[in-house]
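Chemist: This structure is in structure tokens; I'll ask about it shortly.
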Amino acid sequence: MRSRSFTFAFVALTAAALLWSSHAPAQAQDAAKVLKAMTDYVASQKVISATYDTDIEVITNDLQKIQFASSGQMLLSRPDKARVSRVGGYVDVELVFDGKTLSVLGKNLNAYTQTDAAGSIDQLVARLRNELGVAIPGADLLLSNAYDELMKDVLDAKHIGHGVVDGVECDHLAFRNDDVDWQLWVEVGSRPIPRKYVITSKAVSGAPQYTLRIKEWKTDVQVPADAFAFKAPADAKKVDFAALSDIDEVPPGVAAGGKK
């Protein structure tokens with residue numbers, strides 16, 4: 001009897017695996033189609049206002065997994081203006097970009113820095129990552145060429161099914177590359193916006209991950225004339241960018257994992 005049960009279970013699992021593999025090409029096409037619709041929609045929005053929550057996990061030296069949480073707001077005006085703020089347990093930071101100058105204010109440090117950064121939002125993101133060492137995971141979702149950036153290293157793509165994020169029905173997508181697995185929940189319907197984004201690092205022991213949840217997404221926003229004007233507090237100290245290196249989402253001295 002036990003042997004029959006084992007045989008039945010084996011056959012059932014084999015059939016399920018074959019069914020899954022036969023659906024894999026269609027799943028990949030579906031995932032790519034949903035992702036393309038999302039990135040095209042987001043790139044077509046001239047103004048985007050949103051709030052967000054983030055969680056980032058780290059693995060300590062004694063192999064304990066710790067999670068740090070932050071919340072923030074974003075206002076973006078294409079092609080070359082943005083204001084992003086984030087508050088966590090260790091930092092209170094605001095980034096302002098007016099198309100010519102990048103200003104970063106560490107409110108908890110009462111210090112700010114500015115640097116010439118003429119160009120588009122896409123160029124700013126590239127410079128932050130490549131020259132200034134700021135990872136800003138999740139920024140890929142907002143780029144004008146987001147689909148190409150997200151898919152360039154993908155080895156596997158799946159449309160997992162549907163899920164609900166903050167009460168909103170979403171398509172659940174999963175992607176893999178050599179270093180990370182990442183998942184995306186995209187709102188179903190005429191407004192395919194990203195609702196949740198999870199990046200899991202496979203290169204770090206314990207597979208820590210970064211989670212971004214996007215809320216209160218608006219595109220019909222009237223942007224004030226001074227929305228992207230930066231004014232430093234009267235008593236704030238102007239410093240070099242390196243002096244504001246401790247504006248990450250985790251405390252200084254803790255190595256973060258799961259960034260894409």
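Just so we're on the same page: first chain in the structure tokens is A, next is B, and so on; residues restart at 1 for each chain, and ligands are numbered from 1 in the order they show up.
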So that each row is one residue of segment 26-142 of chain A with an atom at most 12 Å from segment 217-237 of chain A, can you give its shortest atom pair and the distance in Å to one decimal, using only C-alpha atoms, rows by chain and rising number, as JSON lines?

Modeler:
```
{"residue": "A:Tyr41", "atom": "CA", "partner": "A:Thr219", "partner_atom": "CA", "distance": 11.1}
{"residue": "A:Val42", "atom": "CA", "partner": "A:Thr219", "partner_atom": "CA", "distance": 9.7}
{"residue": "A:Ala43", "atom": "CA", "partner": "A:Thr219", "partner_atom": "CA", "distance": 11.6}
{"residue": "A:Ser44", "atom": "CA", "partner": "A:Thr219", "partner_atom": "CA", "distance": 10.4}
{"residue": "A:Gln45", "atom": "CA", "partner": "A:Thr219", "partner_atom": "CA", "distance": 6.7}
{"residue": "A:Lys46", "atom": "CA", "partner": "A:Thr219", "partner_atom": "CA", "distance": 7.7}
{"residue": "A:Val47", "atom": "CA", "partner": "A:Thr219", "partner_atom": "CA", "distance": 5.4}
{"residue": "A:Ile48", "atom": "CA", "partner": "A:Thr219", "partner_atom": "CA", "distance": 4.8}
{"residue": "A:Ser49", "atom": "CA", "partner": "A:Lys218", "partner_atom": "CA", "distance": 5.1}
{"residue": "A:Ala50", "atom": "CA", "partner": "A:Trp217", "partner_atom": "CA", "distance": 4.4}
{"residue": "A:Thr51", "atom": "CA", "partner": "A:Trp217", "partner_atom": "CA", "distance": 7.0}
{"residue": "A:Tyr52", "atom": "CA", "partner": "A:Trp217", "partner_atom": "CA", "distance": 9.1}
{"residue": "A:Gln73", "atom": "CA", "partner": "A:Trp217", "partner_atom": "CA", "distance": 10.2}
{"residue": "A:Met74", "atom": "CA", "partner": "A:Trp217", "partner_atom": "CA", "distance": 9.5}
{"residue": "A:Leu75", "atom": "CA", "partner": "A:Ala227", "partner_atom": "CA", "distance": 8.5}
{"residue": "A:Leu76", "atom": "CA", "partner": "A:Phe228", "partner_atom": "CA", "distance": 9.3}
{"residue": "A:Ser77", "atom": "CA", "partner": "A:Val223", "partner_atom": "CA", "distance": 8.5}
{"residue": "A:Arg78", "atom": "CA", "partner": "A:Thr219", "partner_atom": "CA", "distance": 11.6}
{"residue": "A:Asp80", "atom": "CA", "partner": "A:Phe228", "partner_atom": "CA", "distance": 10.2}
{"residue": "A:Lys81", "atom": "CA", "partner": "A:Phe228", "partner_atom": "CA", "distance": 6.7}
{"residue": "A:Ala82", "atom": "CA", "partner": "A:Phe228", "partner_atom": "CA", "distance": 6.7}
{"residue": "A:Arg83", "atom": "CA", "partner": "A:Phe228", "partner_atom": "CA", "distance": 6.4}
{"residue": "A:Val84", "atom": "CA", "partner": "A:Phe228", "partner_atom": "CA", "distance": 10.1}
{"residue": "A:Glu94", "atom": "CA", "partner": "A:Phe230", "partner_atom": "CA", "distance": 9.9}
{"residue": "A:Leu95", "atom": "CA", "partner": "A:Phe230", "partner_atom": "CA", "distance": 9.1}
{"residue": "A:Val96", "atom": "CA", "partner": "A:Phe228", "partner_atom": "CA", "distance": 6.2}
{"residue": "A:Phe97", "atom": "CA", "partner": "A:Phe228", "partner_atom": "CA", "distance": 6.5}
{"residue": "A:Asp98", "atom": "CA", "partner": "A:Phe228", "partner_atom": "CA", "distance": 5.5}
{"residue": "A:Gly99", "atom": "CA", "partner": "A:Phe228", "partner_atom": "CA", "distance": 9.1}
{"residue": "A:Lys100", "atom": "CA", "partner": "A:Phe228", "partner_atom": "CA", "distance": 10.8}
{"residue": "A:Thr101", "atom": "CA", "partner": "A:Phe230", "partner_atom": "CA", "distance": 9.4}
{"residue": "A:Leu102", "atom": "CA", "partner": "A:Phe230", "partner_atom": "CA", "distance": 9.1}
{"residue": "A:Ser103", "atom": "CA", "partner": "A:Phe230", "partner_atom": "CA", "distance": 6.9}
{"residue": "A:Val104", "atom": "CA", "partner": "A:Phe230", "partner_atom": "CA", "distance": 9.1}
{"residue": "A:Leu105", "atom": "CA", "partner": "A:Ala232", "partner_atom": "CA", "distance": 7.5}
{"residue": "A:Gly106", "atom": "CA", "partner": "A:Ala236", "partner_atom": "CA", "distance": 9.2}
{"residue": "A:Lys107", "atom": "CA", "partner": "A:Ala236", "partner_atom": "CA", "distance": 8.6}
{"residue": "A:Asn108", "atom": "CA", "partner": "A:Ala236", "partner_atom": "CA", "distance": 10.3}
{"residue": "A:Leu109", "atom": "CA", "partner": "A:Ala236", "partner_atom": "CA", "distance": 8.4}
{"residue": "A:Asn110", "atom": "CA", "partner": "A:Ala236", "partner_atom": "CA", "distance": 4.9}
{"residue": "A:Ala111", "atom": "CA", "partner": "A:Lys237", "partner_atom": "CA", "distance": 4.6}
{"residue": "A:Tyr112", "atom": "CA", "partner": "A:Lys237", "partner_atom": "CA", "distance": 6.3}
{"residue": "A:Thr113", "atom": "CA", "partner": "A:Lys237", "partner_atom": "CA", "distance": 8.5}
{"residue": "A:Gln114", "atom": "CA", "partner": "A:Phe230", "partner_atom": "CA", "distance": 9.8}
```

Chemist: Taking 6 positions as the minimum chain separation for residues in the same chain, which residues sit within 9 Å of segment 126-132 of chain A when counting only C-alpha atoms? Answer as a list of chain:residue names.

Modeler: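 Once the adjacent positions are removed, what remains is A:Ala117, A:Phe241, A:Ala242.
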
Chemist: Hey, which of A:Asp116, A:Asp148, A:Asp171, A:Asp156 ends up closest to Leu184 of chain A? Count only C-alpha atoms.

Modeler: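 Between A:Asp116, A:Asp148, A:Asp171, A:Asp156, the residue approaching Leu184 of chain A most closely is A:Asp171.
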
Chemist: What does the distance from atom CA of Lys202 of chain A to atom CA of Val93 of chain A come to in Å, to one decimal?

Modeler: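 We find that atom CA of Lys202 of chain A and atom CA of Val93 of chain A lie 29.0 Å from each other.
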
Chemist: Of the residues A:Ile160, A:Ile193, A:Val125, A:Leu35, which is the one nearest to Leu143 of chain A, using only C-alpha atoms?

Modeler: A:Val125

Chemist: Extract, using only C-alpha atoms, all DNA, RNA and protein residues at most 10 Å from segment 175-182 of chain A, discarding same-chain residues fewer than 2 positions from it, and format them as number ranges by chain.

Modeler: A: 28, 31-32, 150-159, 173, 184, 197-204, 207, 209-211, 258-260

Chemist: Would you save the residues from that selection as a CSV table (one decimal), in the first residue's frame, using N, CA and C atoms?

Modeler:
```
chain,number,residue,atom,x,y,z
A,28,ALA,N,6.7,32.8,-20.0
A,28,ALA,CA,7.7,33.8,-20.3
A,28,ALA,C,7.1,34.9,-21.1
A,31,ALA,N,4.8,37.0,-19.1
A,31,ALA,CA,5.5,37.9,-18.2
A,31,ALA,C,6.1,39.0,-18.9
A,32,ALA,N,6.7,38.8,-20.0
A,32,ALA,CA,7.3,39.8,-20.8
A,32,ALA,C,6.3,40.8,-21.3
A,150,LEU,N,15.5,46.3,-17.4
A,150,LEU,CA,15.0,45.2,-16.5
A,150,LEU,C,15.3,43.8,-17.2
A,151,MET,N,15.2,43.7,-18.5
A,151,MET,CA,15.2,42.4,-19.2
A,151,MET,C,16.6,42.0,-19.7
A,152,LYS,N,17.6,42.9,-19.6
A,152,LYS,CA,18.8,42.7,-20.3
A,152,LYS,C,19.6,41.5,-19.7
A,153,ASP,N,19.5,41.2,-18.5
A,153,ASP,CA,20.2,40.0,-17.9
A,153,ASP,C,19.3,38.9,-17.5
A,154,VAL,N,18.0,38.9,-17.9
A,154,VAL,CA,17.0,37.9,-17.5
A,154,VAL,C,17.3,36.6,-18.2
A,155,LEU,N,17.4,35.5,-17.4
A,155,LEU,CA,17.6,34.2,-17.9
A,155,LEU,C,16.3,33.4,-17.9
A,156,ASP,N,15.3,33.8,-17.0
A,156,ASP,CA,14.0,33.1,-16.9
A,156,ASP,C,13.0,34.0,-16.5
A,157,ALA,N,11.8,33.9,-17.1
A,157,ALA,CA,10.6,34.8,-16.7
A,157,ALA,C,9.4,33.9,-16.6
A,158,LYS,N,8.6,34.3,-15.6
A,158,LYS,CA,7.3,33.5,-15.4
A,158,LYS,C,6.2,34.5,-15.0
A,159,HIS,N,5.0,34.2,-15.5
A,159,HIS,CA,3.8,34.8,-15.0
A,159,HIS,C,3.2,33.8,-14.0
A,173,LEU,N,4.6,38.5,-11.4
A,173,LEU,CA,5.6,38.1,-12.3
A,173,LEU,C,6.9,37.8,-11.6
A,184,LEU,N,7.7,41.0,-9.4
A,184,LEU,CA,7.0,42.3,-9.6
A,184,LEU,C,5.5,42.0,-9.7
A,197,TYR,N,7.6,45.3,-5.6
A,197,TYR,CA,8.9,44.9,-6.3
A,197,TYR,C,9.8,44.3,-5.2
A,198,VAL,N,10.2,43.0,-5.5
A,198,VAL,CA,11.0,42.3,-4.5
A,198,VAL,C,12.3,41.8,-5.2
A,199,ILE,N,13.4,42.1,-4.7
A,199,ILE,CA,14.7,41.7,-5.2
A,199,ILE,C,15.4,40.8,-4.2
A,200,THR,N,15.7,39.6,-4.6
A,200,THR,CA,16.4,38.6,-3.6
A,200,THR,C,17.8,38.3,-4.2
A,201,SER,N,18.7,38.6,-3.3
A,201,SER,CA,20.1,38.3,-3.7
A,201,SER,C,20.5,36.9,-3.5
A,202,LYS,N,21.0,36.3,-4.6
A,202,LYS,CA,21.5,34.9,-4.5
A,202,LYS,C,23.0,34.8,-4.3
A,203,ALA,N,23.7,36.0,-4.3
A,203,ALA,CA,25.1,36.0,-4.1
A,203,ALA,C,25.5,36.2,-2.7
A,204,VAL,N,24.5,36.4,-1.8
A,204,VAL,CA,24.8,36.6,-0.4
A,204,VAL,C,24.2,35.5,0.4
A,207,ALA,N,20.3,34.7,1.4
A,207,ALA,CA,19.4,35.3,0.4
A,207,ALA,C,18.6,36.5,0.9
A,209,GLN,N,16.8,40.2,1.0
A,209,GLN,CA,16.0,40.8,-0.1
A,209,GLN,C,15.6,42.3,0.2
A,210,TYR,N,15.3,43.0,-0.9
A,210,TYR,CA,14.8,44.3,-0.8
A,210,TYR,C,13.3,44.3,-1.3
A,211,THR,N,12.5,45.0,-0.6
A,211,THR,CA,11.1,45.1,-1.0
A,211,THR,C,10.6,46.5,-1.1
A,258,GLY,N,20.7,42.2,-1.2
A,258,GLY,CA,19.4,42.2,-2.0
A,258,GLY,C,19.3,43.3,-2.9
A,259,LYS,N,20.3,44.2,-3.1
A,259,LYS,CA,20.1,45.3,-4.0
A,259,LYS,C,20.3,44.9,-5.4
A,260,LYS,N,19.5,45.5,-6.3
A,260,LYS,CA,19.7,45.1,-7.7
A,260,LYS,C,20.4,46.3,-8.4
```
